[in-house]
Structure formats: structure tokens, C-alpha cells
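This is work_12.pdb (PDB, C-alpha atoms).
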```
ATOM      1  CA  MET V 602     -25.595   9.863 -23.577
ATOM      2  CA  ARG V 603     -26.426   6.157 -23.396
ATOM      3  CA  LEU V 604     -23.058   5.267 -21.855
ATOM      4  CA  GLN V 605     -22.848   7.916 -19.145
ATOM      5  CA  GLY V 606     -20.862   6.546 -16.196
ATOM      6  CA  LYS V 607     -19.453   3.594 -18.133
ATOM      7  CA  VAL V 608     -15.781   2.832 -18.796
ATOM      8  CA  ALA V 609     -14.664   1.319 -22.088
ATOM      9  CA  ILE V 610     -11.421  -0.219 -23.326
ATOM     10  CA  VAL V 611     -10.853   0.045 -27.083
ATOM     11  CA  THR V 612      -7.875  -1.637 -28.717
ATOM     12  CA  GLY V 613      -6.354  -0.087 -31.819
ATOM     13  CA  GLY V 614      -7.965   3.204 -30.879
ATOM     14  CA  GLY V 615      -5.467   5.467 -32.631
ATOM     15  CA  SER V 616      -6.703   5.146 -36.201
ATOM     16  CA  GLY V 617      -9.379   3.841 -38.530
ATOM     17  CA  ILE V 618     -12.311   1.904 -37.138
ATOM     18  CA  GLY V 619     -10.906   1.833 -33.597
ATOM     19  CA  GLN V 620     -10.565   5.605 -33.526
ATOM     20  CA  GLY V 621     -14.142   6.000 -34.725
ATOM     21  CA  ILE V 622     -15.377   3.607 -32.047
ATOM     22  CA  ALA V 623     -13.457   5.270 -29.211
ATOM     23  CA  LYS V 624     -14.722   8.711 -30.226
ATOM     24  CA  ARG V 625     -18.326   7.516 -30.443
ATOM     25  CA  LEU V 626     -18.246   5.790 -27.067
ATOM     26  CA  GLY V 627     -16.706   8.883 -25.508
ATOM     27  CA  CYS V 628     -19.348  11.140 -27.036
ATOM     28  CA  GLU V 629     -22.002   8.751 -25.689
ATOM     29  CA  GLY V 630     -20.653   9.490 -22.198
ATOM     30  CA  ALA V 631     -18.141   6.686 -21.590
ATOM     31  CA  ARG V 632     -14.648   7.269 -20.284
ATOM     32  CA  VAL V 633     -12.307   5.452 -22.647
ATOM     33  CA  ILE V 634      -8.992   3.639 -22.397
ATOM     34  CA  ILE V 635      -7.428   4.195 -25.843
ATOM     35  CA  ASP V 636      -4.957   1.465 -26.743
ATOM     36  CA  TYR V 637      -2.350   1.928 -29.470
ATOM     37  CA  VAL V 638       0.812   0.113 -30.592
ATOM     38  CA  GLY V 639       2.647   2.363 -33.071
ATOM     39  CA  SER V 640       2.333   6.128 -33.237
ATOM     40  CA  GLU V 641       0.946   7.894 -30.181
ATOM     41  CA  ALA V 642      -0.198  10.885 -32.251
ATOM     42  CA  GLY V 643      -3.370   9.215 -33.506
ATOM     43  CA  ALA V 644      -4.313   8.034 -30.016
ATOM     44  CA  ASP V 645      -3.810  11.581 -28.716
ATOM     45  CA  ASP V 646      -6.146  12.842 -31.458
ATOM     46  CA  THR V 647      -8.727  10.340 -30.251
ATOM     47  CA  ARG V 648      -8.338  11.494 -26.666
ATOM     48  CA  ARG V 649      -8.757  15.146 -27.619
ATOM     49  CA  ALA V 650     -11.915  14.352 -29.575
ATOM     50  CA  ILE V 651     -13.348  12.532 -26.562
ATOM     51  CA  GLU V 652     -12.479  15.428 -24.282
ATOM     52  CA  ALA V 653     -14.143  17.830 -26.724
ATOM     53  CA  CYS V 654     -17.341  15.817 -26.177
ATOM     54  CA  GLY V 655     -17.047  16.400 -22.435
ATOM     55  CA  SER V 656     -15.750  12.968 -21.443
ATOM     56  CA  GLN V 657     -12.326  11.573 -20.538
ATOM     57  CA  GLY V 658      -9.799   9.434 -22.358
ATOM     58  CA  GLU V 659      -6.592   7.739 -21.260
ATOM     59  CA  VAL V 660      -3.964   6.745 -23.818
ATOM     60  CA  VAL V 661      -2.120   3.473 -23.183
ATOM     61  CA  GLN V 662       0.544   1.847 -25.343
ATOM     62  CA  ALA V 663      -0.082  -1.886 -25.239
ATOM     63  CA  ASP V 664       0.516  -4.801 -27.596
ATOM     64  CA  VAL V 665      -2.473  -7.144 -27.354
ATOM     65  CA  THR V 666      -0.277 -10.126 -28.242
ATOM     66  CA  LYS V 667       1.522  -9.746 -24.886
ATOM     67  CA  MET V 668      -0.333 -10.916 -21.798
ATOM     68  CA  ASP V 669       1.397  -8.394 -19.534
ATOM     69  CA  ASP V 670       0.123  -5.613 -21.799
ATOM     70  CA  ASP V 671      -3.383  -7.103 -21.755
ATOM     71  CA  ARG V 672      -3.388  -6.959 -17.985
ATOM     72  CA  LYS V 673      -1.973  -3.437 -18.096
ATOM     73  CA  LEU V 674      -4.907  -2.226 -20.201
ATOM     74  CA  VAL V 675      -7.464  -3.659 -17.795
ATOM     75  CA  ASP V 676      -5.582  -2.525 -14.690
ATOM     76  CA  THR V 677      -5.260   1.001 -16.087
ATOM     77  CA  ALA V 678      -9.025   1.214 -16.515
ATOM     78  CA  TRP V 679      -9.595   0.223 -12.918
ATOM     79  CA  ASP V 680      -6.764   2.373 -11.549
ATOM     80  CA  ARG V 681      -7.663   5.476 -13.584
ATOM     81  CA  PHE V 682     -11.459   5.287 -13.684
ATOM     82  CA  GLY V 683     -12.392   2.832 -10.930
ATOM     83  CA  SER V 684     -13.806   0.055 -13.125
ATOM     84  CA  ALA V 685     -14.333  -1.207 -16.644
ATOM     85  CA  ASP V 686     -17.672  -2.089 -18.204
ATOM     86  CA  ILE V 687     -17.067  -2.421 -21.948
ATOM     87  CA  LEU V 688     -14.315  -4.136 -23.925
ATOM     88  CA  VAL V 689     -13.972  -3.595 -27.667
ATOM     89  CA  ASN V 690     -11.494  -5.985 -29.273
ATOM     90  CA  ASN V 691     -10.777  -3.971 -32.409
ATOM     91  CA  ALA V 692      -7.035  -4.308 -33.070
ATOM     92  CA  GLY V 693      -6.412  -6.461 -36.121
ATOM     93  CA  MET V 694      -4.204  -7.066 -39.130
ATOM     94  CA  GLU V 695      -4.134  -8.913 -42.432
ATOM     95  CA  LYS V 696      -1.404 -10.186 -44.728
ATOM     96  CA  ARG V 697      -1.882 -11.263 -48.315
ATOM     97  CA  SER V 698      -0.098 -14.398 -49.466
ATOM     98  CA  ASP V 699      -0.958 -17.457 -51.502
ATOM     99  CA  PHE V 700      -1.636 -20.406 -49.221
ATOM    100  CA  TRP V 701       1.319 -22.397 -50.590
ATOM    101  CA  ASP V 702       3.695 -19.508 -49.887
ATOM    102  CA  THR V 703       2.455 -18.436 -46.441
ATOM    103  CA  PRO V 704       5.389 -18.482 -43.973
ATOM    104  CA  GLU V 705       5.063 -19.670 -40.398
ATOM    105  CA  ASP V 706       5.902 -16.292 -38.867
ATOM    106  CA  GLU V 707       3.173 -14.572 -40.897
ATOM    107  CA  TYR V 708       0.589 -17.128 -39.764
ATOM    108  CA  ASP V 709       1.690 -16.731 -36.141
ATOM    109  CA  LYS V 710       1.539 -12.922 -36.277
ATOM    110  CA  VAL V 711      -1.937 -12.709 -37.805
ATOM    111  CA  MET V 712      -3.352 -15.270 -35.389
ATOM    112  CA  ALA V 713      -1.640 -13.588 -32.439
ATOM    113  CA  VAL V 714      -3.131 -10.168 -33.154
ATOM    114  CA  ASN V 715      -6.573 -11.245 -34.370
ATOM    115  CA  LEU V 716      -7.364 -14.192 -32.104
ATOM    116  CA  ARG V 717      -4.857 -14.782 -29.325
ATOM    117  CA  GLY V 718      -4.926 -11.105 -28.348
ATOM    118  CA  PRO V 719      -8.728 -10.902 -28.001
ATOM    119  CA  PHE V 720      -8.747 -14.226 -26.131
ATOM    120  CA  PHE V 721      -6.346 -13.200 -23.391
ATOM    121  CA  LEU V 722      -7.435  -9.563 -23.142
ATOM    122  CA  THR V 723     -11.017 -10.771 -22.734
ATOM    123  CA  GLN V 724      -9.797 -13.201 -20.090
ATOM    124  CA  ALA V 725      -8.115 -10.386 -18.130
ATOM    125  CA  PHE V 726     -11.245  -8.238 -18.464
ATOM    126  CA  VAL V 727     -13.576 -11.026 -17.320
ATOM    127  CA  ARG V 728     -11.413 -11.893 -14.340
ATOM    128  CA  ARG V 729     -11.745  -8.342 -13.012
ATOM    129  CA  LEU V 730     -15.495  -8.351 -13.628
ATOM    130  CA  ARG V 731     -15.880 -11.632 -11.733
ATOM    131  CA  GLU V 732     -13.862 -10.332  -8.798
ATOM    132  CA  ALA V 733     -16.062  -7.241  -8.633
ATOM    133  CA  GLN V 734     -19.269  -9.201  -9.400
ATOM    134  CA  LYS V 735     -20.029  -6.798 -12.225
ATOM    135  CA  PRO V 736     -21.804  -7.402 -15.544
ATOM    136  CA  GLY V 737     -20.120  -6.319 -18.753
ATOM    137  CA  ARG V 738     -20.214  -5.938 -22.514
ATOM    138  CA  ILE V 739     -17.703  -7.465 -24.941
ATOM    139  CA  VAL V 740     -17.759  -6.470 -28.608
ATOM    140  CA  ASN V 741     -15.314  -8.000 -31.085
ATOM    141  CA  ILE V 742     -14.627  -6.297 -34.402
ATOM    142  CA  SER V 743     -14.521  -9.291 -36.680
ATOM    143  CA  SER V 744     -15.071  -9.213 -40.450
ATOM    144  CA  VAL V 745     -17.400 -10.492 -43.150
ATOM    145  CA  HIS V 746     -14.534 -12.926 -43.645
ATOM    146  CA  GLU V 747     -15.401 -14.754 -40.460
ATOM    147  CA  ASP V 748     -17.863 -16.427 -42.834
ATOM    148  CA  MET V 749     -17.007 -15.373 -46.401
ATOM    149  CA  ALA V 750     -14.062 -16.815 -48.351
ATOM    150  CA  PHE V 751     -11.197 -14.443 -49.205
ATOM    151  CA  PRO V 752      -8.616 -16.173 -51.446
ATOM    152  CA  GLY V 753      -5.084 -15.087 -50.648
ATOM    153  CA  PHE V 754      -5.965 -14.234 -47.053
ATOM    154  CA  THR V 755      -6.402 -17.653 -45.456
ATOM    155  CA  THR V 756      -4.649 -16.637 -42.224
ATOM    156  CA  TYR V 757      -7.021 -13.698 -41.840
ATOM    157  CA  CYS V 758     -10.097 -15.833 -42.517
ATOM    158  CA  CYS V 759      -8.912 -18.471 -40.023
ATOM    159  CA  SER V 760      -8.410 -15.856 -37.339
ATOM    160  CA  LYS V 761     -11.818 -14.259 -37.866
ATOM    161  CA  GLY V 762     -13.552 -17.634 -38.051
ATOM    162  CA  GLY V 763     -11.941 -18.480 -34.722
ATOM    163  CA  LEU V 764     -13.126 -15.164 -33.300
ATOM    164  CA  ARG V 765     -16.680 -16.015 -34.339
ATOM    165  CA  MET V 766     -16.565 -19.330 -32.483
ATOM    166  CA  MET V 767     -14.916 -17.736 -29.456
ATOM    167  CA  MET V 768     -17.745 -15.205 -29.295
ATOM    168  CA  ARG V 769     -20.427 -17.882 -29.523
ATOM    169  CA  ASN V 770     -18.833 -20.031 -26.852
ATOM    170  CA  LEU V 771     -18.227 -17.144 -24.454
ATOM    171  CA  ALA V 772     -21.785 -15.889 -24.873
ATOM    172  CA  VAL V 773     -22.892 -19.197 -23.336
ATOM    173  CA  GLU V 774     -20.132 -19.469 -20.740
ATOM    174  CA  LEU V 775     -20.252 -15.853 -19.557
ATOM    175  CA  GLY V 776     -23.994 -15.277 -19.833
ATOM    176  CA  PRO V 777     -24.666 -16.412 -16.241
ATOM    177  CA  LEU V 778     -22.243 -13.681 -15.108
ATOM    178  CA  GLY V 779     -24.300 -10.996 -16.849
ATOM    179  CA  ILE V 780     -21.697 -10.533 -19.571
ATOM    180  CA  THR V 781     -22.828 -10.226 -23.189
ATOM    181  CA  VAL V 782     -20.528 -11.086 -26.091
ATOM    182  CA  ASN V 783     -21.156 -10.124 -29.707
ATOM    183  CA  ASN V 784     -19.243  -9.640 -32.964
ATOM    184  CA  ILE V 785     -19.499  -6.907 -35.547
ATOM    185  CA  ALA V 786     -18.498  -7.935 -39.064
ATOM    186  CA  PRO V 787     -17.564  -4.902 -41.176
ATOM    187  CA  GLY V 788     -17.364  -5.174 -44.939
ATOM    188  CA  ALA V 789     -15.362  -2.722 -47.027
ATOM    189  CA  ILE V 790     -14.640   0.303 -44.830
ATOM    190  CA  ALA V 791     -12.841   3.463 -45.948
ATOM    191  CA  THR V 792      -9.832   3.636 -43.631
ATOM    192  CA  PRO V 793      -6.103   4.393 -44.066
ATOM    193  CA  ILE V 794      -5.363   0.648 -44.298
ATOM    194  CA  ASN V 795      -7.343   0.613 -47.567
ATOM    195  CA  LYS V 796      -5.419   3.516 -49.126
ATOM    196  CA  ALA V 797      -4.212   1.419 -52.086
ATOM    197  CA  LEU V 798      -7.754   0.272 -52.860
ATOM    198  CA  LEU V 799      -9.142   3.796 -52.619
ATOM    199  CA  GLU V 800      -6.572   4.990 -55.140
ATOM    200  CA  ASP V 801      -7.160   2.108 -57.575
ATOM    201  CA  LYS V 802     -10.330   3.250 -59.350
ATOM    202  CA  PRO V 803     -10.923   0.072 -61.428
ATOM    203  CA  LYS V 804     -10.687  -2.180 -58.333
ATOM    204  CA  LEU V 805     -12.755   0.231 -56.252
ATOM    205  CA  ASN V 806     -15.492   0.431 -58.869
ATOM    206  CA  ALA V 807     -15.587  -3.355 -59.204
ATOM    207  CA  LEU V 808     -16.019  -3.659 -55.444
ATOM    208  CA  LEU V 809     -18.742  -1.021 -55.319
ATOM    209  CA  LYS V 810     -20.739  -3.019 -57.859
ATOM    210  CA  ASN V 811     -20.924  -5.793 -55.239
ATOM    211  CA  ILE V 812     -22.248  -3.470 -52.524
ATOM    212  CA  PRO V 813     -25.995  -2.907 -52.862
ATOM    213  CA  LEU V 814     -25.820   0.437 -51.058
ATOM    214  CA  GLY V 815     -23.208   1.568 -53.586
ATOM    215  CA  ARG V 816     -20.619   2.995 -51.219
ATOM    216  CA  LEU V 817     -17.857   2.000 -48.832
ATOM    217  CA  GLY V 818     -18.628   2.046 -45.155
ATOM    218  CA  THR V 819     -17.105   4.492 -42.689
ATOM    219  CA  PRO V 820     -15.681   4.000 -39.199
ATOM    220  CA  GLU V 821     -18.755   5.849 -37.946
ATOM    221  CA  ASP V 822     -21.019   3.181 -39.463
ATOM    222  CA  VAL V 823     -19.263   0.560 -37.347
ATOM    223  CA  ALA V 824     -19.066   2.779 -34.267
ATOM    224  CA  GLY V 825     -22.831   3.264 -34.186
ATOM    225  CA  MET V 826     -23.377  -0.481 -33.867
ATOM    226  CA  VAL V 827     -20.729  -0.747 -31.141
ATOM    227  CA  ALA V 828     -22.428   2.020 -29.143
ATOM    228  CA  PHE V 829     -25.729   0.168 -29.406
ATOM    229  CA  LEU V 830     -24.296  -3.198 -28.329
ATOM    230  CA  ALA V 831     -22.470  -1.546 -25.420
ATOM    231  CA  SER V 832     -25.636   0.134 -24.174
ATOM    232  CA  ASP V 833     -28.568  -1.029 -22.067
ATOM    233  CA  ASP V 834     -30.640  -1.101 -25.269
ATOM    234  CA  ALA V 835     -28.792  -4.328 -26.135
ATOM    235  CA  SER V 836     -28.947  -5.957 -22.702
ATOM    236  CA  TYR V 837     -30.702  -9.061 -24.063
ATOM    237  CA  ILE V 838     -28.475  -9.523 -27.120
ATOM    238  CA  SER V 839     -25.599 -11.990 -26.949
ATOM    239  CA  GLY V 840     -23.947 -14.586 -29.145
ATOM    240  CA  ALA V 841     -24.584 -12.831 -32.455
ATOM    241  CA  THR V 842     -22.623 -11.390 -35.359
ATOM    242  CA  PHE V 843     -23.916  -8.141 -36.840
ATOM    243  CA  LEU V 844     -23.006  -7.364 -40.443
ATOM    244  CA  VAL V 845     -22.088  -3.757 -41.213
ATOM    245  CA  ASP V 846     -21.361  -4.179 -44.895
ATOM    246  CA  GLY V 847     -23.938  -2.353 -47.012
ATOM    247  CA  GLY V 848     -25.324  -5.710 -48.150
ATOM    248  CA  LEU V 849     -21.978  -6.993 -49.470
ATOM    249  CA  MET V 850     -22.273 -10.417 -47.872
ATOM    250  CA  ARG V 851     -25.570 -11.144 -49.600
ATOM    251  CA  SER V 852     -24.465  -9.779 -52.965
ATOM    252  CA  TYR V 853     -20.763 -10.563 -53.380
ATOM    253  CA  HIS V 854     -19.508 -12.631 -56.295
ATOM    254  CA  GLU V 855     -16.067 -12.937 -57.862
ATOM    255  CA  GLN V 856     -15.639 -10.955 -61.069
TER     256      GLN V 856
END
```

Written as C-alpha cells, how would this file's structure read?
Amino acid sequence: MRLQGKVAIVTGGGSGIGQGIAKRLGCEGARVIIDYVGSEAGADDTRRAIEACGSQGEVVQADVTKMDDDRKLVDTAWDRFGSADILVNNAGMEKRSDFWDTPEDEYDKVMAVNLRGPFFLTQAFVRRLREAQKPGRIVNISSVHEDMAFPGFTTYCCSKGGLRMMMRNLAVELGPLGITVNNIAPGAIATPINKALLEDKPKLNALLKNIPLGRLGTPEDVAGMVAFLASDDASYISGATFLVDGGLMRSYHEQ
């Protein structure tokens, strides 16, 4: 129970990686604000799993691209649980399009969810920490594509590259406040968003050949690293990206 007494905010906590993270933090003792945008059912499943571990969860519908919703998430943590200690910027999206065909609205949407949202939610979180003179932990769920090229997904790569630089800069700027900032860069993770890939055996097998460990990752693989970075065990770690990719980054090559 490394996170007993802590309060965490997890965006995109109703499915996939975010759901795995929220459950893990709850089972490590944290009370969790579970953000979702679409269906509430998945977020309720997350809350019930946290309660089954003996902790508490609060479901909040909030769109991270809207500053009022960012403030609502942080305010709910303080109003419901008395504080907030951990922020996990997990909500994200990707859109495939050739660079020469990428429309302006698609660029704006991807950047808004993946970079603008984490920027202003982190700002709201840090403002409350400064007012309370509290330390904190910020963990961004980035991607191997914050560093690795991904043809056809330039908007996604731009957003994750920006998230990497934001993390590095904030680690320096917020360090004197006792706030750590780190990124986790997942590789290929088995989640509902990858349903098409999971059902396309030739593509899946080609990908697996590039992963030295020979399997896709799971949300639990990512969640374990988040729990570590949110805990006192990681109190002297800041400004780093941690790959959770089964070795993909070191092995990947185009077929």
C-alpha cells in the first residue's frame, strides 16, 4: 500500500491504459478521481474495482481540452478528498493521415487532447499545490513516438514530442517546489483502441517480430511503472522518460 493516504487524478480512466492505472493506484491505497469523456460505464467499472480494493474513487466527466473542466477535476479532488498529490495525464488520441492530407481540425484536435490538455490541467494542479505548499507527482503517459518516427501519424508524434519537452522543462521549473515530473512511453499495448490490429494476424505477427519480449504490453505493465513513479520510492526521480515497450524502441525497423 505504497500510496496510502494519497489522492490521485487520472484522466481517461474509463478504459484501456487509464483504467489500468486508476485501478492500480487505488489498490496501492490512493483515493482516485476517475476522469472520463464518453461513456460513464467504464469509469464506473473502474470505481467499483477501486472500492473492491478497499479504497475510494470519484467519477468525473471532464474534457481535458476545456480549461473549466481541468479546474473542475482538480477542485473535485480537493472538495471530495481534501487534497491532491498525484496527477496522471493519460487521456490521448491519434489520427492516421498522410502529412499532405492532414486537415487543420484534425491537427488541432490531436494537439488539444495530447498536449494542450496536459499543459493546462497540470497548471491547475500545480496552482493548488503551490497554494497549499504541498509537494506532488506528475506522470504523463506519452509514447515511444515522442522519440520514434511513425509515418502517417505526424500530428501524434508532434504532440508526444511536445509532451516530452514539457516534462523536461517542468521538472526543472517545478523541482524547487518538491514536484517531480516524468513521462512513461508505452509501446504496443493491448487495449480496445488496438482492436483492428489485434484482429489482423499478419500485421500483429509482423509487429511482434520487432518486440524482443515477443508479446504486446498490457495496461497493467504501464500501471506498475506509474505506481512506482507516484510513490516515495521515486522521490529523487524527475525529468525522465521511462520506456514500457518490451524492447521495441531498441529493435524496431520498418518491414

Original post:
Of the candidates V:Leu805, V:Val714, V:Met826, V:Ala789, which shows the shortest atom-to-atom distance to Thr842 (chain V), using all atoms listed in the file?
Top reply: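 The closest residue to Thr842 (chain V) is V:Met826.
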
**OP:** Would you mind telling me which residue in V:Phe726, V:Phe682, V:Phe751, V:Phe721 lies nearest to Arg697 (chain V) when using all atoms listed in the file?
**Re:** V:Phe751

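Here the question is which of V:Ala841, V:Leu849, V:Ile780, V:Ile790 gets nearest to Ile812 (chain V) using all atoms listed in the file, and that residue is V:Leu849.
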
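For the structure shown here, the set of residues caught by the PyMOL selection byres ((chain V and resi 651) around 10) is Ala623, Lys624, Arg625, Leu626, Gly627, Cys628, Glu629, Gly630, Ala631, Arg632, Val633, Asp645, Asp646, Thr647, Arg648, Arg649, Ala650, Glu652, Ala653, Cys654, Gly655, Ser656, Gln657, Gly658 and Glu659 of chain V.
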
Which residues fall under the PyMOL selection byres ((chain V and resi 694) around 10) in this file, as a JSON list (two decimals) with C-alpha atoms, keeping the file's coordinate frame?
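The file below, part.json, is the result:
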```
[["chain", "number", "residue", "atom", "x", "y", "z"],
["V", 691, "ASN", "CA", -10.78, -3.97, -32.41],
["V", 692, "ALA", "CA", -7.04, -4.31, -33.07],
["V", 693, "GLY", "CA", -6.41, -6.46, -36.12],
["V", 695, "GLU", "CA", -4.13, -8.91, -42.43],
["V", 696, "LYS", "CA", -1.40, -10.19, -44.73],
["V", 710, "LYS", "CA", 1.54, -12.92, -36.28],
["V", 711, "VAL", "CA", -1.94, -12.71, -37.80],
["V", 712, "MET", "CA", -3.35, -15.27, -35.39],
["V", 713, "ALA", "CA", -1.64, -13.59, -32.44],
["V", 714, "VAL", "CA", -3.13, -10.17, -33.15],
["V", 715, "ASN", "CA", -6.57, -11.24, -34.37],
["V", 757, "TYR", "CA", -7.02, -13.70, -41.84],
["V", 760, "SER", "CA", -8.41, -15.86, -37.34],
["V", 794, "ILE", "CA", -5.36, 0.65, -44.30]]
```

**OP:** Apply the PyMOL selection byres ((chain V and resi 720) around 10) to the file shown and report the selected residues as a PyMOL selection string.
**Re:** chain V and resi 665-666+671+690+713-719+721-725+764+767-768

Subject >> V:Pro787, V:Arg851, V:Leu798, V:Leu830 ranked by distance to Asn811 (chain V), top pick (using only C-alpha atoms) >> reply: V:Arg851

Original post:
Do you have the CA of Val661 (chain V)-CA of Val823 (chain V) distance handy?
Top reply: 22.4 Å

Subject >> Counting all atoms listed in the file, the option among V:Gly847, V:Gly643, V:Gly615, V:Pro736 closest to Leu775 (chain V) >> reply: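 For Leu775 (chain V), the nearest of the given residues is V:Pro736.
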
**OP:** Could you check how far CA of Thr781 (chain V) sits from CA of Ser836 (chain V), in Å to one decimal?
**Re:**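 Answer for the CA of Thr781 (chain V) to CA of Ser836 (chain V) separation: 7.5 Å.
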
**OP:** May I ask for the distance between CA of Gly639 (chain V) and CA of Pro793 (chain V), given in Å to one decimal place?
**Re:** 14.2 Å

Axis-aligned box for region 689-703 of chain V, 3 Å per side, centre and edges in Å as lines of an AutoDock Vina configuration file:
```
center_x = -5.1
center_y = -13.0
center_z = -39.6
size_x = 23.7
size_y = 24.8
size_z = 29.8
```

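Of the residues listed (V:Met766, V:Cys758, V:Val745, V:Ala831), V:Val745 shows the shortest atom-to-atom separation from Phe843 (chain V); distances use all atoms listed in the file.
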
Subject >> Residue neighbourhood Gly788 (chain V), 9 Å, all atoms listed in the file, exclusion window fewer than 4 positions, as a PyMOL selection string >> reply: chain V and resi 744-746+817-818+844-850

Written selection (C-alpha atoms) as a PDB file, keeping the file's coordinate frame:
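Result file follows (again_12.pdb):
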```
ATOM      1  CA  SER V 744     -15.071  -9.213 -40.450  1.00  0.00           C
ATOM      2  CA  VAL V 745     -17.400 -10.492 -43.150  1.00  0.00           C
ATOM      3  CA  HIS V 746     -14.534 -12.926 -43.645  1.00  0.00           C
ATOM      4  CA  LEU V 817     -17.857   2.000 -48.832  1.00  0.00           C
ATOM      5  CA  GLY V 818     -18.628   2.046 -45.155  1.00  0.00           C
ATOM      6  CA  LEU V 844     -23.006  -7.364 -40.443  1.00  0.00           C
ATOM      7  CA  VAL V 845     -22.088  -3.757 -41.213  1.00  0.00           C
ATOM      8  CA  ASP V 846     -21.361  -4.179 -44.895  1.00  0.00           C
ATOM      9  CA  GLY V 847     -23.938  -2.353 -47.012  1.00  0.00           C
ATOM     10  CA  GLY V 848     -25.324  -5.710 -48.150  1.00  0.00           C
ATOM     11  CA  LEU V 849     -21.978  -6.993 -49.470  1.00  0.00           C
ATOM     12  CA  MET V 850     -22.273 -10.417 -47.872  1.00  0.00           C
TER      13      MET V 850
END
```

Subject >> Answer as a ChimeraX atom specification, residues within 12 Å of (-5.3, -2.1, -20.2) using all atoms listed in the file >> reply: /V:608-613,633-637,659-665,667-682,684-685,687-690,721-726,729

Taking the partial coordinates given, rebuild region 785-808 of chain V to contain N, CA and C atoms; return it as a short mmCIF file (atom, residue, chain, number, x, y, z; two decimals), in the frame of the given file.
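Saved the output as out18.cif:
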```cif
data_model
loop_
_atom_site.label_atom_id
_atom_site.label_comp_id
_atom_site.auth_asym_id
_atom_site.auth_seq_id
_atom_site.Cartn_x
_atom_site.Cartn_y
_atom_site.Cartn_z
N ILE V 785 -19.09 -7.75 -34.43
CA ILE V 785 -19.50 -6.91 -35.55
C ILE V 785 -18.61 -7.27 -36.72
N ALA V 786 -19.23 -7.51 -37.87
CA ALA V 786 -18.50 -7.94 -39.06
C ALA V 786 -18.57 -6.84 -40.12
N PRO V 787 -17.58 -5.93 -40.14
CA PRO V 787 -17.56 -4.90 -41.18
C PRO V 787 -17.25 -5.50 -42.54
N GLY V 788 -17.75 -4.85 -43.58
CA GLY V 788 -17.36 -5.17 -44.94
C GLY V 788 -16.24 -4.26 -45.37
N ALA V 789 -16.39 -3.63 -46.51
CA ALA V 789 -15.36 -2.72 -47.03
C ALA V 789 -15.54 -1.35 -46.39
N ILE V 790 -14.57 -0.96 -45.57
CA ILE V 790 -14.64 0.30 -44.83
C ILE V 790 -13.52 1.22 -45.30
N ALA V 791 -13.83 2.48 -45.50
CA ALA V 791 -12.84 3.46 -45.95
C ALA V 791 -11.97 3.89 -44.77
N THR V 792 -10.79 3.32 -44.69
CA THR V 792 -9.83 3.64 -43.63
C THR V 792 -8.44 3.74 -44.25
N PRO V 793 -7.47 4.28 -43.52
CA PRO V 793 -6.10 4.39 -44.07
C PRO V 793 -5.52 3.07 -44.53
N ILE V 794 -5.92 1.94 -43.91
CA ILE V 794 -5.36 0.65 -44.30
C ILE V 794 -5.77 0.27 -45.72
N ASN V 795 -6.85 0.89 -46.22
CA ASN V 795 -7.34 0.61 -47.57
C ASN V 795 -6.93 1.69 -48.57
N LYS V 796 -5.86 2.41 -48.27
CA LYS V 796 -5.42 3.52 -49.13
C LYS V 796 -5.17 3.05 -50.57
N ALA V 797 -4.51 1.91 -50.73
CA ALA V 797 -4.21 1.42 -52.09
C ALA V 797 -5.49 1.15 -52.87
N LEU V 798 -6.48 0.55 -52.20
CA LEU V 798 -7.75 0.27 -52.86
C LEU V 798 -8.45 1.57 -53.25
N LEU V 799 -8.45 2.54 -52.36
CA LEU V 799 -9.14 3.80 -52.62
C LEU V 799 -8.54 4.54 -53.81
N GLU V 800 -7.25 4.31 -54.04
CA GLU V 800 -6.57 4.99 -55.14
C GLU V 800 -6.60 4.20 -56.44
N ASP V 801 -7.08 2.96 -56.38
CA ASP V 801 -7.16 2.11 -57.58
C ASP V 801 -8.61 2.12 -58.06
N LYS V 802 -8.94 3.05 -58.94
CA LYS V 802 -10.33 3.25 -59.35
C LYS V 802 -10.98 2.01 -59.97
N PRO V 803 -10.29 1.27 -60.88
CA PRO V 803 -10.92 0.07 -61.43
C PRO V 803 -11.31 -0.95 -60.35
N LYS V 804 -10.39 -1.23 -59.40
CA LYS V 804 -10.69 -2.18 -58.33
C LYS V 804 -11.79 -1.65 -57.43
N LEU V 805 -11.74 -0.36 -57.11
CA LEU V 805 -12.76 0.23 -56.25
C LEU V 805 -14.13 0.15 -56.91
N ASN V 806 -14.21 0.47 -58.17
CA ASN V 806 -15.49 0.43 -58.87
C ASN V 806 -16.05 -0.98 -58.96
N ALA V 807 -15.15 -1.96 -59.17
CA ALA V 807 -15.59 -3.36 -59.20
C ALA V 807 -16.16 -3.78 -57.86
N LEU V 808 -15.52 -3.34 -56.78
CA LEU V 808 -16.02 -3.66 -55.44
C LEU V 808 -17.38 -3.01 -55.20
#
```
